[in-house]
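Reproduced below: input-v8.txt, with compact mmCIF, C-alpha atoms.
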```
# COMPACT_ATOMS: atom_id res chain seq x y z
CA MET I 1 -124.04 70.75 8.09
CA GLU I 2 -126.16 67.64 7.72
CA LEU I 3 -123.93 66.44 4.89
CA ILE I 4 -120.77 66.87 6.98
CA LYS I 5 -122.38 64.95 9.85
CA THR I 6 -123.33 62.13 7.50
CA ILE I 7 -119.82 61.96 6.02
CA ILE I 8 -118.14 61.94 9.45
CA THR I 9 -120.52 59.29 10.80
CA ALA I 10 -120.13 57.08 7.71
CA LEU I 11 -116.35 57.34 7.81
CA PHE I 12 -116.25 56.64 11.56
CA VAL I 13 -118.49 53.60 11.29
CA THR I 14 -116.64 52.06 8.35
CA ALA I 15 -113.17 52.91 9.65
CA VAL I 16 -113.65 52.03 13.34
CA THR I 17 -116.69 50.00 14.40
CA GLU I 18 -117.07 48.16 11.07
CA ASN I 19 -113.34 47.96 10.47
CA VAL I 20 -112.61 45.40 7.74
CA ILE I 21 -109.84 43.80 9.77
CA PHE I 22 -111.18 43.91 13.32
CA SER I 23 -114.80 43.12 12.55
CA ARG I 24 -114.36 40.72 9.61
CA GLY I 25 -110.69 39.80 9.38
CA LEU I 26 -110.63 40.69 5.66
CA GLY I 27 -107.12 41.05 4.28
CA ALA I 28 -105.53 39.85 7.52
CA SER I 29 -103.05 37.63 5.65
CA THR I 30 -101.70 40.61 3.69
CA LEU I 31 -101.71 42.80 6.79
CA VAL I 32 -99.35 40.38 8.53
CA ILE I 33 -96.85 40.70 5.67
CA ILE I 34 -97.14 44.45 5.08
CA SER I 35 -96.84 45.47 8.74
CA ARG I 36 -93.27 44.12 8.86
CA ASP I 37 -91.86 47.35 7.42
CA LYS I 38 -93.07 50.74 8.70
CA ARG I 39 -91.96 52.37 5.46
CA ASN I 40 -94.75 50.48 3.69
CA ILE I 41 -97.59 51.98 5.71
CA ALA I 42 -98.10 55.32 3.92
CA GLY I 43 -97.80 53.96 0.39
CA PHE I 44 -99.84 50.87 1.02
CA SER I 45 -102.55 52.81 2.88
CA LEU I 46 -102.84 55.24 0.00
CA CYS I 47 -102.94 52.41 -2.52
CA ILE I 48 -105.58 50.37 -0.72
CA SER I 49 -107.78 53.46 -0.14
CA TYR I 50 -107.45 54.35 -3.82
CA MET I 51 -108.29 50.77 -4.88
CA SER I 52 -111.27 50.52 -2.55
CA VAL I 53 -112.76 53.85 -3.72
CA PHE I 54 -112.38 53.17 -7.44
CA THR I 55 -113.55 49.56 -7.28
CA SER I 56 -116.55 50.67 -5.20
CA VAL I 57 -117.52 53.22 -7.85
CA LEU I 58 -117.38 50.54 -10.56
CA THR I 59 -119.28 48.15 -8.29
CA TRP I 60 -122.06 50.75 -8.09
CA ALA I 61 -122.21 50.88 -11.89
CA ILE I 62 -122.47 47.08 -12.11
CA GLU I 63 -125.05 46.79 -9.34
CA GLN I 64 -127.22 49.48 -10.95
CA ASN I 65 -127.41 47.62 -14.24
CA PHE I 66 -127.29 43.91 -13.44
CA SER I 67 -128.35 43.21 -9.86
CA ASP I 68 -131.99 42.58 -10.82
CA ASP I 69 -131.09 39.67 -13.11
CA ILE I 70 -132.09 36.31 -11.59
CA HIS I 71 -128.80 34.70 -12.64
CA TYR I 72 -126.70 37.59 -11.36
CA ARG I 73 -125.36 35.53 -8.43
CA TYR I 74 -123.54 33.25 -10.90
CA TYR I 75 -121.71 35.88 -12.90
CA LYS I 76 -121.30 38.43 -10.10
CA ALA I 77 -117.86 36.97 -9.38
CA ILE I 78 -116.81 37.44 -13.03
CA PHE I 79 -117.90 41.09 -12.93
CA TYR I 80 -116.12 41.75 -9.65
CA ALA I 81 -112.96 39.99 -10.77
CA SER I 82 -113.03 42.02 -14.00
CA ILE I 83 -113.35 45.27 -12.02
CA LEU I 84 -110.34 44.33 -9.89
CA CYS I 85 -108.27 43.38 -12.92
CA MET I 86 -109.28 46.51 -14.83
CA VAL I 87 -108.44 48.93 -12.00
CA TYR I 88 -105.17 47.05 -11.40
CA PHE I 89 -104.18 47.16 -15.06
CA VAL I 90 -105.12 50.82 -15.58
CA SER I 91 -103.28 51.83 -12.39
CA LEU I 92 -100.18 49.90 -13.50
CA MET I 93 -100.28 51.66 -16.86
CA LEU I 94 -100.77 55.07 -15.25
CA GLY I 95 -97.90 54.46 -12.84
CA TRP I 96 -95.68 53.26 -15.65
CA THR I 97 -96.54 56.26 -17.86
CA PHE I 98 -96.58 59.15 -15.39
CA MET I 99 -94.34 57.98 -12.51
CA LYS I 100 -91.69 55.93 -14.26
CA LYS I 101 -89.10 56.39 -11.50
CA ARG I 102 -91.47 55.02 -8.88
CA SER I 103 -93.21 52.48 -11.07
CA SER I 104 -91.57 49.47 -9.38
CA THR I 105 -92.70 50.67 -5.93
CA ILE I 106 -96.20 51.39 -7.24
CA LYS I 107 -96.30 47.95 -8.84
CA ARG I 108 -95.36 46.32 -5.53
CA TYR I 109 -98.09 48.19 -3.65
CA LEU I 110 -100.64 47.46 -6.36
CA ASN I 111 -99.80 43.75 -6.38
CA PHE I 112 -100.46 43.56 -2.66
CA SER I 113 -103.57 45.71 -2.59
CA ALA I 114 -105.44 44.88 -5.79
CA PHE I 115 -105.84 41.17 -5.18
CA ASN I 116 -106.34 41.58 -1.49
CA CYS I 117 -109.41 40.08 0.18
CA ALA I 118 -110.02 43.46 1.85
CA VAL I 119 -110.65 45.25 -1.47
CA MET I 120 -112.86 42.48 -2.85
CA GLY I 121 -114.59 42.28 0.54
CA ILE I 122 -115.28 46.03 0.51
CA MET I 123 -116.83 45.68 -2.96
CA LEU I 124 -119.03 42.79 -1.85
CA MET I 125 -120.10 44.43 1.39
CA SER I 126 -120.81 47.79 -0.20
CA SER I 127 -123.14 46.10 -2.71
CA GLY I 128 -125.15 44.82 0.24
CA VAL I 129 -125.46 48.04 2.23
CA CYS I 130 -125.06 50.97 -0.19
CA VAL I 131 -127.61 52.45 -2.57
CA LYS I 132 -126.35 55.77 -3.93
CA LEU I 133 -123.02 56.42 -5.61
CA SER I 134 -121.98 58.66 -2.71
CA ASP I 135 -122.63 55.75 -0.29
CA TYR I 136 -120.33 53.52 -2.31
CA VAL I 137 -117.60 56.18 -2.37
CA LEU I 138 -117.86 56.83 1.37
CA TYR I 139 -117.93 53.12 2.14
CA GLY I 140 -114.86 52.51 0.00
CA LEU I 141 -112.99 55.44 1.48
CA GLY I 142 -113.93 54.66 5.07
CA SER I 143 -113.05 50.99 4.74
CA GLY I 144 -109.73 51.86 3.09
CA LEU I 145 -108.95 54.22 5.95
CA GLY I 146 -109.97 51.54 8.43
CA TYR I 147 -107.57 49.08 6.84
CA SER I 148 -104.84 51.73 7.00
CA ALA I 149 -105.57 52.31 10.69
CA ALA I 150 -105.34 48.56 11.35
CA LEU I 151 -102.03 48.48 9.49
CA TYR I 152 -100.73 51.29 11.67
CA TYR I 153 -101.86 49.61 14.93
CA LEU I 154 -100.11 46.43 13.91
CA SER I 155 -96.87 47.92 12.66
CA ALA I 156 -96.62 50.00 15.87
CA VAL I 157 -96.20 46.84 17.95
CA TYR I 158 -94.60 44.60 15.33
CA LYS I 159 -91.14 44.62 16.95
CA ARG I 160 -92.61 43.81 20.35
CA LEU I 161 -94.61 40.91 18.97
CA TYR I 162 -91.40 39.48 17.48
CA SER I 163 -89.24 40.32 20.52
CA ASP I 164 -86.97 37.67 22.07
CA LYS I 165 -88.71 38.35 25.38
CA VAL I 166 -91.85 36.68 24.06
CA PRO I 167 -91.96 32.86 24.57
CA ALA I 168 -90.86 31.15 21.34
CA ALA I 169 -94.20 29.40 20.78
CA PHE I 170 -96.13 32.69 20.84
CA ARG I 171 -93.56 34.86 19.09
CA GLY I 172 -94.72 36.52 15.88
CA PHE I 173 -97.81 35.27 14.11
CA PRO I 174 -99.60 33.60 17.08
CA LEU I 175 -99.24 36.70 19.24
CA MET I 176 -100.24 38.91 16.33
CA MET I 177 -103.52 36.99 16.03
CA ILE I 178 -104.15 37.34 19.77
CA TYR I 179 -103.33 41.07 19.56
CA ILE I 180 -105.77 41.55 16.64
CA GLY I 181 -108.34 39.53 18.61
CA ILE I 182 -108.02 41.78 21.66
CA LEU I 183 -108.30 44.95 19.54
CA SER I 184 -111.27 43.40 17.75
CA MET I 185 -112.89 42.65 21.12
CA ALA I 186 -112.37 46.27 22.24
CA LEU I 187 -113.98 47.64 19.06
CA PHE I 188 -116.75 45.08 19.31
CA GLY I 189 -117.64 46.64 22.66
CA LEU I 190 -118.21 49.96 20.91
CA THR I 191 -120.98 48.49 18.76
CA GLY I 192 -123.04 47.83 21.88
CA TYR I 193 -122.98 44.17 22.91
CA GLN I 194 -125.66 43.62 25.52
CA MET I 195 -125.02 41.38 28.50
CA PRO I 196 -127.48 38.46 28.73
CA PHE I 197 -128.58 39.48 32.27
CA MET X 1 -90.94 40.68 -21.26
CA ALA X 2 -90.74 37.75 -18.92
CA GLU X 3 -89.62 38.39 -15.36
CA LYS X 4 -86.59 36.59 -13.97
CA GLN X 5 -87.44 33.62 -11.80
CA ASN X 6 -84.49 33.25 -9.47
CA ILE X 7 -86.24 31.83 -6.45
CA PRO X 8 -85.90 28.04 -6.34
CA ALA X 9 -88.88 25.78 -5.78
CA SER X 10 -89.60 25.14 -2.11
CA ARG X 11 -87.94 22.12 -0.57
CA GLY X 12 -89.13 19.84 2.18
CA LYS X 13 -91.58 17.02 2.46
CA VAL X 14 -94.65 17.06 0.30
CA THR X 15 -96.78 16.54 3.42
CA ASP X 16 -95.45 19.68 5.12
CA GLY X 17 -98.70 21.50 4.34
CA LEU X 18 -100.45 19.36 6.96
CA ALA X 19 -98.53 20.66 9.97
CA VAL X 20 -94.99 22.02 9.58
CA LYS X 21 -96.10 24.56 6.95
CA ASN X 22 -99.77 24.60 7.83
CA PRO X 23 -101.38 27.29 5.65
CA LEU X 24 -103.55 28.73 8.41
CA LEU X 25 -101.58 28.26 11.61
CA VAL X 26 -98.03 28.72 10.30
CA ASN X 27 -98.36 30.89 7.20
CA GLY X 28 -101.54 32.78 8.12
CA LEU X 29 -103.35 32.24 4.83
CA VAL X 30 -107.12 32.62 4.30
CA ILE X 31 -107.72 33.90 7.83
CA ALA X 32 -110.96 35.85 7.25
CA PRO X 33 -113.39 32.97 6.54
CA ALA X 34 -111.82 30.88 9.31
CA VAL X 35 -112.33 33.72 11.78
CA LEU X 36 -115.75 34.97 10.76
CA TYR X 37 -117.58 32.10 9.11
CA ALA X 38 -116.16 28.86 10.52
CA ASN X 39 -117.53 29.31 14.04
CA THR X 40 -119.47 26.03 13.97
CA LEU X 41 -118.60 22.53 12.81
CA GLU X 42 -121.16 22.68 10.00
CA ASN X 43 -119.83 26.00 8.69
CA ALA X 44 -116.27 24.71 8.95
CA LEU X 45 -117.13 21.61 6.90
CA MET X 46 -118.84 23.76 4.30
CA LEU X 47 -115.91 26.16 4.09
CA SER X 48 -113.43 23.28 3.77
CA GLY X 49 -115.34 21.55 0.98
CA TYR X 50 -116.11 24.67 -1.00
CA MET X 51 -112.68 26.23 -0.62
CA SER X 52 -110.82 22.97 -1.40
CA LEU X 53 -112.81 22.20 -4.55
CA LEU X 54 -112.62 25.75 -5.92
CA THR X 55 -108.94 26.25 -5.14
CA PHE X 56 -107.83 22.82 -6.36
CA ALA X 57 -109.62 23.20 -9.70
CA VAL X 58 -108.35 26.75 -10.24
CA LEU X 59 -104.75 25.87 -9.38
CA ILE X 60 -104.69 22.86 -11.69
CA ILE X 61 -106.06 24.92 -14.60
CA CYS X 62 -103.77 27.88 -13.88
CA SER X 63 -100.70 25.64 -13.74
CA PHE X 64 -100.97 25.35 -17.55
CA ILE X 65 -100.43 29.10 -17.98
CA PRO X 66 -96.84 29.57 -19.18
CA ARG X 67 -94.54 31.34 -16.75
CA SER X 68 -93.05 33.28 -19.64
CA ILE X 69 -96.07 35.59 -19.47
CA VAL X 70 -95.41 38.65 -17.29
CA TYR X 71 -96.52 38.46 -13.66
CA ALA X 72 -99.15 41.22 -14.00
CA SER X 73 -100.85 39.37 -16.86
CA ARG X 74 -100.58 35.99 -15.11
CA ILE X 75 -102.24 37.30 -11.96
CA ILE X 76 -105.07 38.79 -14.03
CA LEU X 77 -105.53 35.43 -15.79
CA TYR X 78 -105.59 33.56 -12.45
CA THR X 79 -108.31 35.90 -11.17
CA ILE X 80 -110.46 35.59 -14.29
CA ILE X 81 -110.07 31.79 -14.40
CA SER X 82 -110.99 31.63 -10.74
CA ALA X 83 -114.14 33.69 -11.35
CA ILE X 84 -115.11 31.37 -14.22
CA VAL X 85 -114.47 28.17 -12.22
CA PHE X 86 -116.54 29.72 -9.44
CA VAL X 87 -119.74 29.35 -11.54
CA PRO X 88 -119.90 25.51 -11.71
CA VAL X 89 -118.62 25.17 -8.14
CA TYR X 90 -121.30 27.58 -6.91
CA MET X 91 -123.98 25.72 -8.91
CA LEU X 92 -122.82 22.39 -7.48
CA PHE X 93 -122.96 23.61 -3.89
CA GLU X 94 -126.33 25.24 -4.55
CA ARG X 95 -127.61 21.71 -5.23
CA ILE X 96 -125.73 19.96 -2.42
CA ALA X 97 -126.03 22.51 0.39
CA PRO X 98 -128.15 25.52 -0.59
CA GLU X 99 -128.77 26.82 2.94
CA GLN X 100 -125.15 26.55 3.96
CA LEU X 101 -124.05 28.26 0.76
CA ALA X 102 -126.44 31.15 1.43
CA ASP X 103 -125.01 31.41 4.96
CA MET X 104 -121.52 31.78 3.52
CA GLY X 105 -122.52 35.19 2.19
CA ILE X 106 -119.64 37.20 0.77
CA PHE X 107 -117.10 34.45 1.47
CA ALA X 108 -118.52 32.35 -1.36
CA TYR X 109 -117.32 35.09 -3.74
CA LEU X 110 -114.33 36.24 -1.77
CA LEU X 111 -112.58 32.89 -2.03
CA ILE X 112 -111.95 33.39 -5.75
CA ILE X 113 -108.96 35.55 -4.83
CA ASN X 114 -107.71 33.57 -1.88
CA PRO X 115 -103.94 33.63 -1.19
CA PHE X 116 -103.48 30.02 -2.40
CA ILE X 117 -104.40 31.17 -5.90
CA ILE X 118 -102.87 34.63 -5.87
CA ALA X 119 -99.69 34.20 -3.82
CA ARG X 120 -98.88 30.58 -2.90
CA SER X 121 -99.24 29.46 -6.51
CA GLU X 122 -96.45 31.77 -7.64
CA VAL X 123 -93.95 31.23 -4.85
CA GLN X 124 -94.50 27.53 -4.31
CA PHE X 125 -96.88 25.38 -6.33
CA PHE X 126 -96.05 26.46 -9.88
CA ARG X 127 -92.33 26.13 -9.29
CA GLU X 128 -92.69 22.40 -8.68
CA LYS X 129 -93.03 19.48 -11.07
CA ARG X 130 -96.65 18.67 -11.85
CA GLY X 131 -96.90 15.45 -9.82
CA ARG X 132 -95.38 16.99 -6.73
CA MET X 133 -97.40 20.16 -7.27
CA ILE X 134 -100.69 18.24 -7.21
CA LEU X 135 -99.69 16.44 -4.01
CA ASP X 136 -98.48 19.68 -2.45
CA ILE X 137 -101.74 21.49 -3.26
CA PHE X 138 -103.69 18.50 -1.92
CA PHE X 139 -101.82 18.39 1.39
CA ASN X 140 -101.93 22.18 1.81
CA LEU X 141 -105.70 22.21 1.29
CA MET X 142 -106.00 19.19 3.56
CA GLY X 143 -103.96 20.97 6.25
CA TYR X 144 -106.14 24.07 5.96
CA SER X 145 -109.38 22.09 5.98
CA LEU X 146 -108.45 19.93 8.97
CA THR X 147 -107.40 22.99 10.95
CA VAL X 148 -110.60 24.87 10.12
CA ILE X 149 -112.73 21.82 11.02
CA ILE X 150 -110.97 21.27 14.36
CA LEU X 151 -111.18 24.98 15.23
CA GLY X 152 -114.86 25.09 14.16
CA LEU X 153 -115.61 22.11 16.39
CA ILE X 154 -113.81 23.65 19.37
CA ARG X 155 -115.46 27.04 18.82
CA GLU X 156 -118.94 25.57 18.62
CA LEU X 157 -118.39 23.45 21.73
CA ILE X 158 -116.99 26.35 23.74
CA SER X 159 -119.45 28.99 22.55
CA THR X 160 -122.69 27.00 22.60
CA GLY X 161 -121.96 23.97 24.77
CA GLY X 162 -122.95 21.53 22.05
CA LEU X 163 -122.71 20.54 18.41
CA ASN X 164 -125.29 21.14 15.71
CA GLY X 165 -127.93 22.22 18.21
CA GLU X 166 -127.43 19.20 20.46
CA LEU X 167 -126.23 20.22 23.93
CA TYR X 168 -123.78 18.07 25.90
CA GLY X 169 -124.38 19.53 29.36
CA ILE X 170 -121.33 21.76 29.33
CA LYS X 171 -122.08 24.12 32.20
CA TYR X 172 -119.93 27.10 31.37
CA VAL X 173 -119.96 28.38 27.81
CA ILE X 174 -117.97 31.34 26.50
CA SER X 175 -120.13 32.80 23.76
CA GLY X 176 -117.33 35.20 22.75
CA PHE X 177 -115.55 32.37 20.94
CA GLY X 178 -118.33 32.41 18.38
CA PHE X 179 -117.45 36.00 17.46
CA PRO X 180 -114.60 37.10 15.18
CA PHE X 181 -112.38 38.18 18.09
CA GLY X 182 -112.77 34.70 19.60
CA GLY X 183 -111.70 33.27 16.25
CA PHE X 184 -108.56 35.42 16.15
CA ILE X 185 -107.62 34.51 19.72
CA LEU X 186 -108.24 30.79 19.16
CA ILE X 187 -106.18 30.80 15.94
CA GLY X 188 -103.37 32.53 17.87
CA ILE X 189 -103.47 29.94 20.65
CA ALA X 190 -103.68 27.04 18.16
CA ALA X 191 -100.74 28.46 16.17
CA ALA X 192 -98.64 28.69 19.35
CA PHE X 193 -99.65 25.16 20.34
CA LEU X 194 -98.72 23.76 16.92
CA ARG X 195 -95.39 25.59 16.94
CA HIS X 196 -94.63 24.24 20.42
CA ILE X 197 -95.32 20.68 19.25
CA ILE X 198 -93.20 21.12 16.11
CA ASN X 199 -90.30 22.59 18.12
CA THR X 200 -90.52 19.83 20.72
CA VAL X 201 -90.52 17.07 18.09
CA ARG X 202 -87.65 18.75 16.24
CA SER X 203 -85.47 19.07 19.37
CA TYR X 204 -86.30 15.48 20.39
CA LYS X 205 -85.18 14.25 16.94
CA GLU X 206 -81.97 16.32 17.09
CA ASN X 207 -81.11 15.03 20.57
CA SER X 208 -81.79 11.41 19.73
```
Could I get this file's structure written as structure tokens?
Amino acid sequence: MELIKTIITALFVTAVTENVIFSRGLGASTLVIISRDKRNIAGFSLCISYMSVFTSVLTWAIEQNFSDDIHYRYYKAIFYASILCMVYFVSLMLGWTFMKKRSSTIKRYLNFSAFNCAVMGIMLMSSGVCVKLSDYVLYGLGSGLGYSAALYYLSAVYKRLYSDKVPAAFRGFPLMMIYIGILSMALFGLTGYQMPF
Amino acid sequence: MAEKQNIPASRGKVTDGLAVKNPLLVNGLVIAPAVLYANTLENALMLSGYMSLLTFAVLIICSFIPRSIVYASRIILYTIISAIVFVPVYMLFERIAPEQLADMGIFAYLLIINPFIIARSEVQFFREKRGRMILDIFFNLMGYSLTVIILGLIRELISTGGLNGELYGIKYVISGFGFPFGGFILIGIAAAFLRHIINTVRSYKENS
């Protein structure tokens, strides 16, 4: 029972209150592009959750072995970049070998999600807050789900944000930023901001 | 096997990156550090310097990678090169501004896969001739940096009532603009403002 509680809490925190988009804006540039087509949501969500979980697991392995080194801060980026490239390459190969018919779609999703700031951000943040392997997995999964939720929220209103009824200056990207800002403000309230009086 | 490259190089003025195709306010590139980190003038200056140096160096080196190599391999090479270039840039900033670099936190690492390197390079910069490419990269980074600096200045003034700890007697401050949601909203308003100016200038030119 305790384990289930921990899993639910960890997933809720990473997916909602510590949402990568609404609390840190990570991967917002890609989100703007992906949310244009609702058909992308399921595939991209799956892909980014998969990427974040697997890269988090490899991040755990790296952190366990190298984080104590005094020069680690210099070559940390090389390790993390290598993890991203490795997971990307292996996934491409797997897609090409086992799902040949869908390999072009998989490739498109992988291109967008592998080199996305959200995935790299999840790796970097998890190294700061997680200790055990299970923490890394939960953090990766929760953050991936959070990104998927943000993608859904955005694609749900995409047509309205680009509607002709919106003044030309605010149509599209500017309004999208304001919309994300308002959602971010609402979620920020959940974390317990105290009034100064 | 090399992929077909049918998309022509982008046209327009080389200075478009400053305003008309501003990377942050028009194309929505590298939003996260601008929203979360650049909430003061000092942070904005740090982000601009660090990001510009890293991105410029990486793009120049990566431009020598032949386009005959498949996209998947090219993108892997860009990422690895970026991670390698990161080391001297990080060391340099550790000497120049160690405290500010520490404050950057994850963004110091995150910028190695910024959209200028991963996406813009492929669809715009590397399709141009080298001379124009260098100017285009320069003006795009300049456009991003100027925007981040102006937004950082406005955010610090609105959220704290001063700059760099010095207060200017502004009576009503809105501390929310220092938070990420304030950053998103301000970028949205600034993007709308820039678009309005561009549209106004364009229609004025057409009419005259």
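Here atom CA of Lys171 of chain X and atom CA of Phe170 of chain I stand 29.6 Å from one another.
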Wanna dump the chain I-chain X contacts at 6 Å for me, each residue with its shortest atom pair and the distance in Å to one decimal, counting all atoms listed in the file, ordered by chain and number, as a Markdown table?
```
| residue | atom | partner | partner_atom | distance |
| --- | --- | --- | --- | --- |
| I:Gly25 | CA | X:Ala32 | CA | 4.5 |
| I:Leu26 | CA | X:Ala32 | CA | 5.1 |
| I:Ser29 | CA | X:Leu29 | CA | 5.5 |
| I:Tyr74 | CA | X:Val87 | CA | 5.5 |
| I:Ala77 | CA | X:Ala83 | CA | 5.3 |
| I:Ile78 | CA | X:Ala83 | CA | 4.9 |
| I:Cys85 | CA | X:Ile76 | CA | 5.7 |
| I:Ala169 | CA | X:Ala192 | CA | 4.7 |
| I:Phe170 | CA | X:Ala192 | CA | 5.0 |
| I:Pro174 | CA | X:Gly188 | CA | 4.0 |
| I:Met177 | CA | X:Gly188 | CA | 4.8 |
| I:Ile178 | CA | X:Ile185 | CA | 4.5 |
| I:Gly181 | CA | X:Phe181 | CA | 4.3 |
| I:Ser184 | CA | X:Phe181 | CA | 5.3 |
| I:Met185 | CA | X:Phe181 | CA | 5.4 |
```
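Distance check against Ala81 of chain I using only C-alpha atoms: of I:Asn116, I:Asn65, I:Ser148, I:Thr30, the minimum falls on I:Asn116.
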Subject >> 9 Å contact set for Leu92 of chain I, only C-alpha atoms, chain neighbours under 3 positions out, as a PyMOL selection string >> reply: (chain I and resi 87-89+95-97+103+106-107+110) or (chain X and resi 72)
Original post:
Any idea what's packed within 9 Å of Gly140 of chain I, counting only C-alpha atoms, ignoring anything in its chain fewer than 3 positions away? Could you give it as a list in words?
Top reply: Thr14, Ser49, Tyr50, Met51, Ser52, Val53, Phe54, Thr55, Ser56, Val57, Val119, Ile122, Met123, Ser126, Asp135, Tyr136, Val137, Ser143, Gly144 and Leu145 of chain I
